$ cat upload.cif   # mmCIF, C-alpha atoms
data_run
loop_
_atom_site.label_atom_id
_atom_site.label_comp_id
_atom_site.auth_asym_id
_atom_site.auth_seq_id
_atom_site.Cartn_x
_atom_site.Cartn_y
_atom_site.Cartn_z
CA MET O 1 0.00 0.00 0.00
CA TRP O 2 1.13 3.52 -0.78
CA ARG O 3 1.76 5.21 2.57
CA ARG O 4 1.11 8.84 1.65
CA ARG O 5 0.52 9.80 5.29
CA ALA O 6 4.02 8.72 6.29
CA LEU O 7 5.57 11.86 4.80
CA ARG O 8 4.46 15.45 5.01
CA PRO O 9 4.40 17.38 1.69
CA VAL O 10 6.89 20.23 1.70
CA SER O 11 6.59 23.85 0.66
CA ARG O 12 8.26 25.15 -2.51
CA ASP O 13 10.86 27.12 -0.57
CA SER O 14 12.18 24.03 1.22
CA SER O 15 15.58 22.55 0.46
CA ILE O 16 16.25 20.29 -2.48
CA THR O 17 14.35 17.01 -2.44
CA VAL O 18 15.85 13.92 -4.12
CA LEU O 19 13.82 10.75 -4.58
CA GLN O 20 15.63 7.43 -5.03
CA ILE O 21 13.67 4.42 -6.25
CA LEU O 22 14.58 0.73 -6.25
CA PRO O 23 12.65 -2.58 -6.16
CA SER O 24 13.07 -3.61 -2.53
CA PHE O 25 15.13 -2.87 0.57
CA ASP O 26 16.76 -6.15 1.48
CA VAL O 27 20.52 -6.70 1.64
CA GLY O 28 22.37 -5.73 -1.53
CA GLY O 29 24.73 -3.27 -3.15
CA ALA O 30 21.97 -1.04 -4.53
CA GLU O 31 20.33 -0.81 -1.11
CA VAL O 32 23.60 0.04 0.64
CA GLY O 33 24.35 2.68 -1.99
CA THR O 34 20.89 4.17 -1.57
CA ILE O 35 21.40 4.54 2.17
CA SER O 36 24.82 6.15 1.65
CA ILE O 37 23.44 8.73 -0.77
CA ALA O 38 20.41 9.44 1.43
CA GLN O 39 22.76 10.08 4.33
CA ALA O 40 24.94 12.40 2.23
CA LEU O 41 21.92 14.36 1.04
CA ILE O 42 20.67 14.90 4.58
CA GLU O 43 24.13 15.87 5.84
CA HIS O 44 24.24 18.54 3.10
CA GLY O 45 20.86 19.99 4.02
CA ALA O 46 18.76 18.28 1.35
CA ARG O 47 15.68 16.11 1.80
CA ALA O 48 15.99 12.40 0.94
CA LEU O 49 13.05 10.21 -0.02
CA VAL O 50 13.15 6.56 -1.10
CA ILE O 51 10.49 4.44 -2.76
CA SER O 52 10.68 0.64 -2.67
CA ASN O 53 8.60 -2.41 -1.84
CA GLY O 54 10.24 -2.43 1.58
CA GLY O 55 12.57 -4.93 3.22
CA ARG O 56 14.92 -5.65 6.09
CA LEU O 57 17.08 -2.56 5.55
CA THR O 58 14.19 -0.08 5.66
CA PRO O 59 14.73 0.75 9.37
CA LYS O 60 18.42 1.45 8.66
CA LEU O 61 17.41 3.83 5.88
CA GLU O 62 14.89 5.63 8.08
CA ALA O 63 17.50 5.95 10.84
CA THR O 64 19.40 8.35 8.56
CA GLY O 65 16.41 10.70 8.55
CA ALA O 66 15.28 9.73 5.05
CA GLY O 67 11.64 9.09 4.31
CA HIS O 68 10.44 5.79 2.86
CA ILE O 69 7.31 5.24 0.76
CA SER O 70 6.15 1.69 0.06
CA LEU O 71 5.06 0.92 -3.50
CA PRO O 72 5.14 -2.37 -5.45
CA VAL O 73 7.87 -1.06 -7.75
CA HIS O 74 9.53 -4.49 -7.74
CA SER O 75 6.85 -5.75 -10.14
CA LYS O 76 7.76 -6.20 -13.81
CA ASN O 77 4.12 -6.42 -14.82
CA PRO O 78 3.48 -3.64 -17.40
CA ILE O 79 0.17 -2.79 -15.74
CA ASP O 80 1.86 -2.36 -12.36
CA ILE O 81 4.63 -0.29 -13.94
CA PHE O 82 2.03 2.06 -15.44
CA ARG O 83 0.09 2.30 -12.17
CA ASN O 84 3.28 3.02 -10.28
CA SER O 85 4.13 5.79 -12.73
CA GLN O 86 0.77 7.43 -12.02
CA LYS O 87 1.44 7.30 -8.29
CA LEU O 88 4.95 8.62 -8.82
CA ILE O 89 3.61 11.64 -10.67
CA GLN O 90 1.49 12.50 -7.65
CA ILE O 91 4.32 11.87 -5.19
CA ILE O 92 6.65 14.13 -7.19
CA LYS O 93 4.02 16.89 -7.04
CA ASP O 94 3.06 16.40 -3.38
CA HIS O 95 6.62 16.32 -2.09
CA LYS O 96 8.08 18.88 -4.50
CA VAL O 97 10.66 16.38 -5.74
CA ASP O 98 13.49 18.07 -7.65
CA LEU O 99 15.27 14.98 -8.98
CA VAL O 100 14.53 11.25 -9.29
CA HIS O 101 17.24 8.58 -9.17
CA ALA O 102 16.29 5.04 -10.25
CA ARG O 103 18.49 2.03 -9.48
CA SER O 104 16.74 -0.81 -11.30
CA ARG O 105 14.87 -1.40 -14.53
CA ALA O 106 11.24 -1.97 -13.50
CA PRO O 107 11.06 1.11 -11.26
CA ALA O 108 13.08 3.05 -13.85
CA TRP O 109 10.31 2.59 -16.43
CA SER O 110 7.78 4.03 -13.97
CA ALA O 111 10.15 6.85 -13.05
CA LEU O 112 10.95 7.67 -16.69
CA ARG O 113 7.29 8.28 -17.53
CA ALA O 114 6.68 10.22 -14.30
CA CYS O 115 9.72 12.43 -14.86
CA ARG O 116 8.74 13.18 -18.45
CA LYS O 117 5.22 14.10 -17.36
CA THR O 118 6.46 16.40 -14.59
CA GLY O 119 9.65 17.74 -16.19
CA THR O 120 11.77 16.34 -13.37
CA PRO O 121 15.49 15.57 -13.93
CA PHE O 122 16.07 11.83 -14.08
CA VAL O 123 19.19 9.84 -13.08
CA THR O 124 19.77 6.09 -13.32
CA THR O 125 22.47 3.83 -11.93
CA VAL O 126 23.43 0.65 -13.77
CA HIS O 127 24.41 -1.83 -11.05
CA GLY O 128 25.25 -4.81 -13.22
CA ALA O 129 26.05 -6.26 -16.62
CA TYR O 130 22.59 -7.07 -17.93
CA ARG O 131 22.41 -10.29 -19.93
CA ASN O 132 20.25 -9.14 -22.84
CA THR O 133 19.73 -12.51 -24.51
CA ASN O 134 16.96 -11.33 -26.83
CA MET O 135 15.48 -8.15 -28.30
CA PHE O 136 12.83 -7.88 -25.59
CA ARG O 137 15.39 -8.00 -22.77
CA ARG O 138 17.58 -5.53 -24.62
CA PHE O 139 14.69 -3.09 -24.93
CA TYR O 140 13.67 -3.63 -21.30
CA SER O 141 17.19 -2.82 -20.09
CA SER O 142 17.47 0.22 -22.36
CA VAL O 143 15.49 2.31 -19.88
CA MET O 144 18.69 2.71 -17.88
CA ILE O 145 20.30 4.80 -20.64
CA ARG O 146 17.20 6.93 -21.31
CA SER O 147 17.92 9.18 -18.34
CA ASP O 148 19.48 12.64 -18.20
CA ARG O 149 22.53 11.11 -16.50
CA THR O 150 23.51 7.45 -16.35
CA ILE O 151 25.84 6.35 -13.55
CA MET O 152 27.93 3.22 -14.17
CA ILE O 153 29.26 1.52 -11.03
CA SER O 154 32.50 0.37 -12.68
CA ARG O 155 34.58 0.70 -15.83
CA PHE O 156 33.54 -2.84 -16.71
CA VAL O 157 29.83 -1.95 -16.61
CA ASP O 158 30.50 1.18 -18.67
CA HIS O 159 32.32 -0.88 -21.30
CA HIS O 160 29.62 -3.58 -21.33
CA ILE O 161 26.73 -1.14 -21.72
CA GLY O 162 28.67 0.81 -24.38
CA LYS O 163 29.10 -2.37 -26.44
CA THR O 164 25.46 -3.39 -25.99
CA TYR O 165 23.91 -0.03 -26.89
CA ARG O 166 25.65 1.70 -29.77
CA ASN O 167 23.26 4.65 -29.37
CA LEU O 168 24.46 5.35 -25.83
CA ASN O 169 25.02 9.06 -25.27
CA HIS O 170 28.48 8.91 -23.70
CA ALA O 171 28.27 12.57 -22.72
CA SER O 172 25.53 11.68 -20.24
CA VAL O 173 27.49 8.81 -18.64
CA ARG O 174 29.38 9.12 -15.37
CA VAL O 175 31.48 6.26 -13.99
CA ILE O 176 31.16 6.30 -10.19
CA GLU O 177 32.52 3.18 -8.57
CA ARG O 178 30.66 1.88 -5.58
CA GLY O 179 32.06 2.95 -2.25
CA ILE O 180 32.44 1.28 1.11
CA ASN O 181 33.03 2.59 4.61
CA LEU O 182 36.75 1.87 4.80
CA SER O 183 37.01 2.56 8.53
CA HIS O 184 34.33 -0.07 9.19
CA PHE O 185 36.68 -2.77 7.89
CA ALA O 186 39.98 -1.34 9.14
CA PRO O 187 41.82 -3.81 11.42
CA GLU O 188 42.10 -1.30 14.24
CA SER O 189 38.31 -0.99 14.40
CA VAL O 190 37.79 -4.71 15.09
CA THR O 191 38.35 -5.73 18.70
CA ALA O 192 39.96 -9.00 19.71
CA LEU O 193 36.78 -9.88 21.60
CA ARG O 194 34.70 -9.73 18.42
CA GLN O 195 37.15 -12.05 16.68
CA ILE O 196 37.20 -14.48 19.60
CA GLN O 197 33.41 -14.61 19.77
CA LEU O 198 33.09 -15.31 16.06
CA ALA O 199 35.86 -17.91 16.13
CA LYS O 200 33.95 -19.74 18.87
CA VAL O 201 30.72 -19.67 16.88
CA TRP O 202 32.50 -21.14 13.86
CA ARG O 203 34.57 -23.54 16.00
CA LEU O 204 37.78 -22.62 14.25
CA ARG O 205 40.80 -24.79 14.91
CA ASP O 206 43.84 -23.05 16.36
CA GLY O 207 46.90 -22.92 14.14
CA GLU O 208 45.18 -23.72 10.84
CA PRO O 209 44.93 -20.99 8.19
CA VAL O 210 41.48 -19.80 7.18
CA ILE O 211 40.26 -19.34 3.61
CA LEU O 212 37.15 -17.17 3.48
CA MET O 213 34.58 -17.02 0.69
CA PRO O 214 31.88 -14.45 1.51
CA GLY O 215 28.78 -13.82 -0.61
CA ARG O 216 25.25 -14.97 -1.27
CA ILE O 217 24.80 -18.71 -1.68
CA SER O 218 23.86 -18.87 -5.36
CA ARG O 219 24.99 -20.74 -8.46
CA SER O 220 26.64 -17.65 -9.92
CA LYS O 221 29.27 -17.40 -7.17
CA GLY O 222 31.56 -20.23 -8.28
CA HIS O 223 31.57 -22.37 -5.13
CA GLU O 224 32.15 -25.62 -6.98
CA MET O 225 35.26 -24.31 -8.73
CA LEU O 226 36.63 -23.29 -5.35
CA PHE O 227 35.95 -26.80 -4.03
CA HIS O 228 37.95 -28.33 -6.87
CA ALA O 229 40.79 -25.89 -6.14
CA LEU O 230 40.68 -26.85 -2.46
CA LYS O 231 40.85 -30.52 -3.38
CA ILE O 232 44.14 -29.75 -5.14
CA LEU O 233 45.35 -27.56 -2.29
CA MET O 234 44.68 -30.13 0.46
CA ALA O 235 47.23 -32.54 -1.04
CA ASP O 236 50.12 -30.73 0.66
CA ARG O 237 48.65 -28.55 3.43
CA SER O 238 45.90 -28.25 6.00
CA PHE O 239 43.43 -25.35 6.14
CA GLN O 240 39.87 -24.36 7.02
CA CYS O 241 37.57 -22.87 4.39
CA LEU O 242 34.44 -20.96 5.39
CA ILE O 243 31.59 -20.40 2.93
CA VAL O 244 29.82 -17.41 4.48
CA GLY O 245 26.55 -16.01 3.19
CA ALA O 246 22.77 -16.18 3.22
CA ASP O 247 20.96 -18.84 1.20
CA VAL O 248 17.63 -17.03 0.85
CA ASP O 249 15.70 -18.60 -2.07
CA HIS O 250 18.67 -20.89 -2.70
CA GLU O 251 18.20 -23.57 -0.03
CA ARG O 252 18.32 -26.42 -2.53
CA TYR O 253 21.56 -25.14 -3.99
CA ARG O 254 23.03 -24.92 -0.49
CA ASP O 255 22.08 -28.56 0.06
CA SER O 256 23.78 -29.48 -3.21
CA LEU O 257 26.96 -27.73 -2.03
CA VAL O 258 26.98 -29.79 1.16
CA ARG O 259 26.66 -32.95 -0.94
CA LYS O 260 29.50 -31.78 -3.21
CA ILE O 261 31.73 -31.18 -0.21
CA LYS O 262 31.16 -34.76 0.94
CA GLN O 263 31.64 -36.12 -2.57
CA LEU O 264 35.06 -34.47 -2.82
CA GLY O 265 36.08 -35.52 0.68
CA LEU O 266 36.29 -31.96 1.97
CA GLU O 267 34.05 -32.34 5.04
CA SER O 268 36.94 -31.83 7.48
CA CYS O 269 38.08 -28.53 6.01
CA VAL O 270 35.10 -26.82 4.28
CA HIS O 271 32.16 -25.47 6.25
CA VAL O 272 29.02 -23.64 5.06
CA THR O 273 28.37 -21.26 7.95
CA GLY O 274 25.31 -19.30 6.83
CA PRO O 275 25.11 -15.50 7.08
CA CYS O 276 27.47 -13.47 9.24
CA MET O 277 26.48 -10.30 11.07
CA ASP O 278 30.07 -9.18 11.71
CA MET O 279 31.95 -9.31 8.42
CA PRO O 280 34.83 -7.07 9.60
CA ALA O 281 35.61 -9.68 12.27
CA ALA O 282 35.25 -12.44 9.67
CA TYR O 283 37.86 -10.82 7.45
CA MET O 284 40.23 -10.42 10.40
CA LEU O 285 39.95 -14.16 11.13
CA SER O 286 40.93 -15.03 7.56
CA ASP O 287 44.34 -15.59 6.03
CA VAL O 288 43.09 -15.20 2.45
CA VAL O 289 39.77 -14.21 0.90
CA VAL O 290 38.48 -15.56 -2.40
CA GLN O 291 35.89 -14.29 -4.90
CA CYS O 292 35.54 -16.45 -8.03
CA PRO O 293 32.08 -15.95 -9.60
CA LYS O 294 30.98 -17.78 -12.74
CA VAL O 295 29.00 -14.77 -13.94
CA ALA O 296 30.46 -11.30 -14.39
CA GLU O 297 29.56 -8.94 -11.55
CA GLY O 298 29.28 -5.19 -11.88
CA PHE O 299 31.60 -4.50 -8.98
CA GLY O 300 33.70 -6.44 -6.46
CA ARG O 301 32.52 -5.37 -3.02
CA VAL O 302 33.99 -8.43 -1.27
CA ALA O 303 37.38 -7.81 -2.86
CA VAL O 304 37.36 -4.16 -1.77
CA GLU O 305 36.27 -5.02 1.78
CA ALA O 306 38.98 -7.65 2.08
CA GLN O 307 41.65 -5.20 0.96
CA ALA O 308 40.33 -2.56 3.37
CA ALA O 309 40.85 -5.17 6.10
CA GLY O 310 44.39 -5.71 4.84
CA ARG O 311 43.75 -9.30 3.78
CA PRO O 312 45.13 -11.01 0.66
CA ILE O 313 42.44 -11.52 -1.97
CA VAL O 314 42.27 -13.96 -4.88
CA VAL O 315 39.72 -13.19 -7.62
CA SER O 316 38.75 -14.43 -11.07
CA ASP O 317 39.48 -12.31 -14.14
CA ILE O 318 35.81 -11.73 -14.83
CA GLY O 319 33.61 -8.66 -14.70
CA ALA O 320 34.88 -5.74 -12.64
CA LEU O 321 37.12 -7.81 -10.36
CA PRO O 322 40.37 -7.12 -12.27
CA ASP O 323 39.60 -3.40 -11.90
CA VAL O 324 39.50 -3.51 -8.09
CA VAL O 325 42.47 -5.81 -7.40
CA GLN O 326 46.06 -5.03 -8.36
CA HIS O 327 47.51 -8.36 -9.44
CA GLY O 328 50.66 -9.25 -7.55
CA GLN O 329 50.42 -6.10 -5.42
CA THR O 330 47.19 -6.25 -3.40
CA GLY O 331 46.07 -9.74 -4.42
CA TRP O 332 45.95 -12.16 -7.32
CA VAL O 333 43.77 -12.34 -10.43
CA VAL O 334 43.40 -15.82 -11.94
CA PRO O 335 41.67 -17.12 -15.09
CA SER O 336 37.97 -17.72 -14.56
CA GLY O 337 37.10 -21.40 -14.31
CA ASP O 338 40.70 -22.55 -13.79
CA ALA O 339 40.76 -24.50 -10.52
CA GLY O 340 44.48 -25.22 -10.83
CA GLN O 341 45.43 -21.54 -11.08
CA LEU O 342 43.07 -20.71 -8.23
CA ALA O 343 44.70 -23.37 -6.03
CA SER O 344 48.15 -22.04 -6.89
CA ALA O 345 47.20 -18.45 -6.00
CA LEU O 346 45.60 -19.52 -2.72
CA GLY O 347 48.76 -21.44 -1.87
CA THR O 348 50.92 -18.41 -2.65
CA ALA O 349 48.76 -16.24 -0.36
CA LEU O 350 48.91 -18.77 2.47
CA ASP O 351 52.71 -18.99 2.17
CA LEU O 352 53.30 -15.25 2.70
CA ASN O 353 55.54 -14.53 5.66
CA ALA O 354 54.69 -11.89 8.26
CA GLN O 355 56.59 -9.06 6.53
CA GLN O 356 55.08 -9.88 3.14
CA ARG O 357 51.59 -9.87 4.63
CA THR O 358 52.25 -6.50 6.27
CA ASP O 359 53.54 -4.99 3.03
CA LEU O 360 50.57 -6.34 1.06
CA ALA O 361 48.14 -4.97 3.65
CA MET O 362 49.65 -1.49 3.40
CA ARG O 363 49.45 -1.51 -0.40
CA ALA O 364 45.87 -2.80 -0.34
CA GLN O 365 44.63 -0.25 2.19
CA ALA O 366 46.19 2.58 0.20
CA TRP O 367 44.69 1.28 -3.05
CA VAL O 368 41.10 0.92 -1.80
CA LYS O 369 40.91 4.59 -0.91
CA ASN O 370 39.78 4.84 -4.55
CA PHE O 371 36.59 3.04 -3.48
CA SER O 372 35.62 4.98 -0.37
CA VAL O 373 31.99 5.77 0.36
CA THR O 374 32.89 9.46 0.74
CA LYS O 375 34.28 9.56 -2.79
CA MET O 376 31.13 7.88 -4.13
CA GLN O 377 28.86 10.27 -2.24
CA GLN O 378 30.68 13.37 -3.47
CA ALA O 379 30.68 12.17 -7.08
CA THR O 380 26.96 11.35 -6.97
CA LEU O 381 26.04 14.71 -5.46
CA SER O 382 28.06 16.33 -8.24
CA VAL O 383 25.88 14.54 -10.81
CA TYR O 384 22.78 15.85 -9.06
CA ALA O 385 24.29 19.34 -9.06
CA GLU O 386 24.84 19.18 -12.84
CA LEU O 387 21.11 18.72 -13.37
CA LEU O 388 19.83 21.00 -10.61
CA ARG O 389 22.06 23.99 -11.21
CA GLY O 390 20.01 26.93 -12.37
CA LYS O 391 16.73 25.31 -11.31
CA LYS O 392 17.15 25.91 -7.61
CA THR O 393 19.80 27.22 -5.24
CA LEU O 394 21.84 24.22 -4.19
CA ALA O 395 21.66 23.34 -0.52
CA TRP O 396 25.22 21.99 -0.52
CA ARG O 397 28.62 23.21 -1.62
CA LEU O 398 30.79 20.82 -3.62
#
$ encode --input "upload.cif" --output "structure tokens"
Amino acid sequence: MWRRRALRPVSRDSSITVLQILPSFDVGGAEVGTISIAQALIEHGARALVISNGGRLTPKLEATGAGHISLPVHSKNPIDIFRNSQKLIQIIKDHKVDLVHARSRAPAWSALRACRKTGTPFVTTVHGAYRNTNMFRRFYSSVMIRSDRTIMISRFVDHHIGKTYRNLNHASVRVIERGINLSHFAPESVTALRQIQLAKVWRLRDGEPVILMPGRISRSKGHEMLFHALKILMADRSFQCLIVGADVDHERYRDSLVRKIKQLGLESCVHVTGPCMDMPAAYMLSDVVVQCPKVAEGFGRVAVEAQAAGRPIVVSDIGALPDVVQHGQTGWVVPSGDAGQLASALGTALDLNAQQRTDLAMRAQAWVKNFSVTKMQQATLSVYAELLRGKKTLAWRL
């Protein structure tokens, strides 16, 4: 239901109002980015509104001072998209919205129509490399480049979209890599007590190195290739490998992973832990982190977080991952699908001596400053400023 009473319409002389719209508010990169931008807007004196179908992160959003309006914008049904556009038109008018920022395709279609009807500047963010396997999917995804400004979350996404849509207006594109709160993952911010508590929960064995693979439990993440690499690795060393992540809507796949672990004889060293509520502590418990997806991802949040924690990272050469890891300097980039190369890189990381680990950590933490949340916030507000300048006195100084 549309909760119009949750937010009070504002007068025309109020500060700038920016409306972000995305399908839902569960855990994900788009949701985290939305919260970061809402926070930045409020800190700079603007008003932040968000429309979604709701989810677990809604309270965290509202804690920033942003307003949330529930609409079924997750629906891909053309009738729902049209109905949502009608409601958006009214919301834009009621709340004097100055700019709309859409972060997914279905809500972007509703927002595009509403913005055209109201003359409101329109921004989109492309969060992934859409697999446009037919003309319909290609048209459906094209809404993301029909905006006044299109934000790409990585150079890889920019290149992918540029190849897919030859009519892309490159002058309207801005590459703004996703940002993380670097201090949240810094080693000095994680107490020994937090690490001890998590180690007890996971029943880690003293003295054995830990290989960590964080991420959602889904077929796209490359778990089985990692298992084959671990089978190679266990021939000459002992270790513990933790598969950390939620299996929402993927319970059957999780069960298949457990069977695969047994089939390969990895029960003693590979454990599927489920989700973790303290990822900074998880990184600190690890000796090496791995991210080896089968499908290209738009960014490499895990790789950036691991480097912020000063941990060696091994990634596949797919999607944006080679853009966020400096091979041989902050981690290792291996051929996608090559279990042998993955095993070799993991072994190299585990064999680092104390000084080598310290040197790598320093290089990694310096490198990931390029992916700070502050940098992302400033760049996004600059995009808003490009479109709002001349329409209204900006409430922030950039």
$ residues_around --input "upload.cif" --residues "Cys276 in chain O" --least-positions-apart "2" --cutoff "10 Å" --atoms "all atoms listed in the file" --output "number ranges by chain"
O: 198, 214-215, 244-246, 273-274, 278-282
$ residues_around --input "upload.cif" --residues "Ile313 in chain O" --least-positions-apart "4" --cutoff "10 Å" --atoms "all atoms listed in the file" --output "PDB file with C-alpha atoms, keeping the file's coordinate frame"
ATOM      1  CA  ILE O 211      40.260 -19.340   3.610  1.00  0.00           C
ATOM      2  CA  LEU O 212      37.150 -17.170   3.480  1.00  0.00           C
ATOM      3  CA  MET O 213      34.580 -17.020   0.690  1.00  0.00           C
ATOM      4  CA  ASP O 287      44.340 -15.590   6.030  1.00  0.00           C
ATOM      5  CA  VAL O 288      43.090 -15.200   2.450  1.00  0.00           C
ATOM      6  CA  VAL O 289      39.770 -14.210   0.900  1.00  0.00           C
ATOM      7  CA  VAL O 290      38.480 -15.560  -2.400  1.00  0.00           C
ATOM      8  CA  GLN O 291      35.890 -14.290  -4.900  1.00  0.00           C
ATOM      9  CA  VAL O 302      33.990  -8.430  -1.270  1.00  0.00           C
ATOM     10  CA  ALA O 303      37.380  -7.810  -2.860  1.00  0.00           C
ATOM     11  CA  VAL O 304      37.360  -4.160  -1.770  1.00  0.00           C
ATOM     12  CA  GLU O 305      36.270  -5.020   1.780  1.00  0.00           C
ATOM     13  CA  ALA O 306      38.980  -7.650   2.080  1.00  0.00           C
ATOM     14  CA  GLN O 307      41.650  -5.200   0.960  1.00  0.00           C
ATOM     15  CA  VAL O 325      42.470  -5.810  -7.400  1.00  0.00           C
ATOM     16  CA  GLN O 326      46.060  -5.030  -8.360  1.00  0.00           C
ATOM     17  CA  HIS O 327      47.510  -8.360  -9.440  1.00  0.00           C
ATOM     18  CA  THR O 330      47.190  -6.250  -3.400  1.00  0.00           C
ATOM     19  CA  GLY O 331      46.070  -9.740  -4.420  1.00  0.00           C
ATOM     20  CA  TRP O 332      45.950 -12.160  -7.320  1.00  0.00           C
ATOM     21  CA  VAL O 333      43.770 -12.340 -10.430  1.00  0.00           C
ATOM     22  CA  ALA O 345      47.200 -18.450  -6.000  1.00  0.00           C
ATOM     23  CA  LEU O 346      45.600 -19.520  -2.720  1.00  0.00           C
ATOM     24  CA  ALA O 349      48.760 -16.240  -0.360  1.00  0.00           C
ATOM     25  CA  ALA O 364      45.870  -2.800  -0.340  1.00  0.00           C
TER      26      ALA O 364
END
$ residues_near_point --input "upload.cif" --point "(38.0, -22.7, 4.6)" --cutoff "9 Å" --atoms "only C-alpha atoms" --output "ChimeraX atom specification"
/O:209-213,230,239-243,269-271,286
$ write_last_selection --input "upload.cif" --atoms "C-alpha atoms" --output "PDB file, keeping the file's coordinate frame"
ATOM      1  CA  PRO O 209      44.930 -20.990   8.190  1.00  0.00           C
ATOM      2  CA  VAL O 210      41.480 -19.800   7.180  1.00  0.00           C
ATOM      3  CA  ILE O 211      40.260 -19.340   3.610  1.00  0.00           C
ATOM      4  CA  LEU O 212      37.150 -17.170   3.480  1.00  0.00           C
ATOM      5  CA  MET O 213      34.580 -17.020   0.690  1.00  0.00           C
ATOM      6  CA  LEU O 230      40.680 -26.850  -2.460  1.00  0.00           C
ATOM      7  CA  PHE O 239      43.430 -25.350   6.140  1.00  0.00           C
ATOM      8  CA  GLN O 240      39.870 -24.360   7.020  1.00  0.00           C
ATOM      9  CA  CYS O 241      37.570 -22.870   4.390  1.00  0.00           C
ATOM     10  CA  LEU O 242      34.440 -20.960   5.390  1.00  0.00           C
ATOM     11  CA  ILE O 243      31.590 -20.400   2.930  1.00  0.00           C
ATOM     12  CA  CYS O 269      38.080 -28.530   6.010  1.00  0.00           C
ATOM     13  CA  VAL O 270      35.100 -26.820   4.280  1.00  0.00           C
ATOM     14  CA  HIS O 271      32.160 -25.470   6.250  1.00  0.00           C
ATOM     15  CA  SER O 286      40.930 -15.030   7.560  1.00  0.00           C
TER      16      SER O 286
END
$ residues_near_point --input "upload.cif" --point "(48.0, -29.7, 2.4)" --cutoff "12 Å" --atoms "all atoms listed in the file" --output "list in words"
Glu208, Pro209, Ala229, Leu230, Lys231, Ile232, Leu233, Met234, Ala235, Asp236, Arg237, Ser238, Phe239, Gln240, Leu266, Cys269, Ala343, Leu346, Gly347, Leu350 and Asp351 of chain O
$ closest_residue --input "upload.cif" --among "O:Val201, O:Asn353, O:Gly298, O:Glu177" --to "Val368 in chain O" --atoms "all atoms listed in the file"
O:Glu177
$ resolve_selection --input "upload.cif" --expression "the PyMOL selection byres ((chain O and resi 66-70) around 12)" --output "tab-separated table (two decimals) with C-alpha atoms, in the frame of the given file"
chain	number	residue	atom	x	y	z
O	1	MET	CA	0.00	0.00	0.00
O	2	TRP	CA	1.13	3.52	-0.78
O	3	ARG	CA	1.76	5.21	2.57
O	4	ARG	CA	1.11	8.84	1.65
O	5	ARG	CA	0.52	9.80	5.29
O	6	ALA	CA	4.02	8.72	6.29
O	7	LEU	CA	5.57	11.86	4.80
O	8	ARG	CA	4.46	15.45	5.01
O	9	PRO	CA	4.40	17.38	1.69
O	17	THR	CA	14.35	17.01	-2.44
O	18	VAL	CA	15.85	13.92	-4.12
O	19	LEU	CA	13.82	10.75	-4.58
O	20	GLN	CA	15.63	7.43	-5.03
O	21	ILE	CA	13.67	4.42	-6.25
O	22	LEU	CA	14.58	0.73	-6.25
O	23	PRO	CA	12.65	-2.58	-6.16
O	24	SER	CA	13.07	-3.61	-2.53
O	25	PHE	CA	15.13	-2.87	0.57
O	34	THR	CA	20.89	4.17	-1.57
O	35	ILE	CA	21.40	4.54	2.17
O	36	SER	CA	24.82	6.15	1.65
O	37	ILE	CA	23.44	8.73	-0.77
O	38	ALA	CA	20.41	9.44	1.43
O	39	GLN	CA	22.76	10.08	4.33
O	40	ALA	CA	24.94	12.40	2.23
O	41	LEU	CA	21.92	14.36	1.04
O	42	ILE	CA	20.67	14.90	4.58
O	43	GLU	CA	24.13	15.87	5.84
O	45	GLY	CA	20.86	19.99	4.02
O	46	ALA	CA	18.76	18.28	1.35
O	47	ARG	CA	15.68	16.11	1.80
O	48	ALA	CA	15.99	12.40	0.94
O	49	LEU	CA	13.05	10.21	-0.02
O	50	VAL	CA	13.15	6.56	-1.10
O	51	ILE	CA	10.49	4.44	-2.76
O	52	SER	CA	10.68	0.64	-2.67
O	53	ASN	CA	8.60	-2.41	-1.84
O	54	GLY	CA	10.24	-2.43	1.58
O	55	GLY	CA	12.57	-4.93	3.22
O	57	LEU	CA	17.08	-2.56	5.55
O	58	THR	CA	14.19	-0.08	5.66
O	59	PRO	CA	14.73	0.75	9.37
O	60	LYS	CA	18.42	1.45	8.66
O	61	LEU	CA	17.41	3.83	5.88
O	62	GLU	CA	14.89	5.63	8.08
O	63	ALA	CA	17.50	5.95	10.84
O	64	THR	CA	19.40	8.35	8.56
O	65	GLY	CA	16.41	10.70	8.55
O	71	LEU	CA	5.06	0.92	-3.50
O	72	PRO	CA	5.14	-2.37	-5.45
O	73	VAL	CA	7.87	-1.06	-7.75
O	74	HIS	CA	9.53	-4.49	-7.74
O	84	ASN	CA	3.28	3.02	-10.28
O	87	LYS	CA	1.44	7.30	-8.29
O	88	LEU	CA	4.95	8.62	-8.82
O	91	ILE	CA	4.32	11.87	-5.19
O	92	ILE	CA	6.65	14.13	-7.19
O	95	HIS	CA	6.62	16.32	-2.09
$ resolve_selection --input "upload.cif" --expression "the PyMOL selection byres ((chain O and resi 76) around 12)" --output "JSON, numbers by chain"
{"O": [23, 72, 73, 74, 75, 77, 78, 79, 80, 81, 82, 83, 84, 104, 105, 106, 107, 108, 109, 110, 137, 140, 141]}
$ atom_distance --input "upload.cif" --atom1 "CA of Arg113 in chain O" --atom2 "CA of Asn167 in chain O"
20.2 Å
$ closest_residue --input "upload.cif" --among "O:Lys260, O:Arg219, O:Lys93, O:Arg301" --to "His127 in chain O" --atoms "only C-alpha atoms"
O:Arg301
$ closest_residue --input "upload.cif" --among "O:Leu321, O:Tyr283, O:Ala309, O:Ser220" --to "Ala199 in chain O" --atoms "all atoms listed in the file"
O:Tyr283
$ atom_distance --input "upload.cif" --atom1 "CA of Ala366 in chain O" --atom2 "CA of Ala308 in chain O"
8.4 Å
